[in-house]
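One structure is given below, encoded as structure tokens.
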Amino acid sequence: MELDPRRLRVLRAVALRGGVMDAARLLHLSPSAVSQQLVQLEREVGLPLVDRSRRRVGLTPAGRLLAARAERIEQELAEARRELTELSGRVVGPVTIAAFSTAVCHLLAPALRSLQEAHPELQPRVVELEGPSALRELRTGGCDLVVTEHDGGNAASSDGHDLASAPVADDEYRVVTPVGWPRPASVRDLADRPWIACPEDTACGRALLRICADHGFTARRDHVCREFPTVLAMVAAGAGAAVVPTLALGRAASAVVAVPAVSGVGHRRISALFRRSGPEPLTSAVVGALRVSAEQAGLIPAPHDGTSAAESSRGRDAAEVSGPP
């Protein structure tokens, strides 16, 4: 029995994406081409691999078995690429990076310039995406790396053995208030004031809850905004106070909002999340460039041991999966 590894890759894509249409988009093929490859693979195997009795294509037991083998082959190929890069010193090929808006603007965009200079054969592609959608794309092969974050005062979410993370930087929170407000000495001075809160499924949303609990009050969440420019515009309009990370604040924002010297608000951890079978060492090159961008932006370097992205996370299960504004 001869098995074409290229057809196994098609089967793996169908398993990851849950259907022929999504697999075709992932592989940059037509749906008919994917279907033809599956039919040919079934002929080679002599068993049905795809259950076509349902509206949404699923795999048979034989299909799931082969898809699992295809995943192991992909992991071996990733390891081979890493070893070859160590020998040649060349970082070559496409890598798709998903990130939230402030990371794209202040970390990823500058990183692209340095990546082009250091690794001209690297082909980065950026997608502005966050949260569960970015995580699904990462898991199912739609992207290779996700720039994500979590509130440093709360434990990161654990998300299984198939993903790994490498810390990029710590971004300190700042309390911002309308320019005409009295300058608070502590967050407790704002207990009776209105707040512009981020949604509770974001790092800043969780940070506000944590900060208020630490200072013994419940914030008046008069307004809820997801995007940081919206939050800062509301603060500038006098609608309330807010907690934002330094990276999102920017230099111009201090002209329209007050940034009092309030301590004890913590930070968010920015990390790079990737599949353990991902395109290493391409991910390592991106993580390194992101760390340089973070340092140039004045963020606090996140602790790491200086090894490659995959090596620094091998054996760990923790993965930060929430998406910020």
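Naming scheme: A, B, ... for chains in displayed order of the structure tokens; residues 1 onward per chain; ligands 1 onward as shown.
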| message | Based on the backbone DSSP call, show me all residues of region 113-198 of chain A assigned strand (DSSP E or B), as a ChimeraX atom specification. | response | /A:122-128,145-151,158,163-178,194-197
| query | Using the chain letters and numbers from this document, which residues of region 210-314 of chain A does DSSP assign to alpha helix (DSSP H), as a PyMOL selection string? | reply | chain A and resi 210-215+228-236+246-249+282-296+309-313
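Here CA of Thr202 (chain A) stands at a distance of 7.6 Å from CA of His150 (chain A).
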| request: Considering only C-alpha atoms, return as a list in words whatever protein or nucleic-acid residues lie within 9 Å of Gly216 (chain A), sequence-local ones (same chain, fewer than 4 positions apart) excluded. | output: Arg188, Ala191, Ile211 and Cys212 of chain A
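Counting only C-alpha atoms, the residue from A:Gly18, A:Gly205, A:Pro5, A:Pro229 that sits nearest to Glu44 (chain A) is A:Pro5.
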Taking a cut-off of 12 Å and counting only C-alpha atoms, can you build a table that, for each residue of region 82-109 of chain A near region 171-185 of chain A, reports the nearest atom pair and how far apart they are in Å (one decimal), sorted by chain then residue number, as a Markdown table?
```
| residue | atom | partner | partner_atom | distance |
| --- | --- | --- | --- | --- |
| A:Thr102 | CA | A:Asp171 | CA | 11.4 |
| A:Ala103 | CA | A:Asp171 | CA | 10.9 |
| A:His106 | CA | A:Asp171 | CA | 11.8 |
| A:Leu107 | CA | A:Asp171 | CA | 11.7 |
```
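Nearest to Ile97 (chain A) of all the residues A:Arg125, A:Arg136, A:Arg7, A:Arg43 is A:Arg125, counting only C-alpha atoms.
Comparing A:Ala99, A:Val262, A:Val243, A:Leu290 by their smallest distance to Val231 (chain A), the closest is A:Val243 (using only C-alpha atoms).
The two atoms in question, CA of Leu27 (chain A) and CA of Arg52 (chain A), are spaced 20.6 Å apart.
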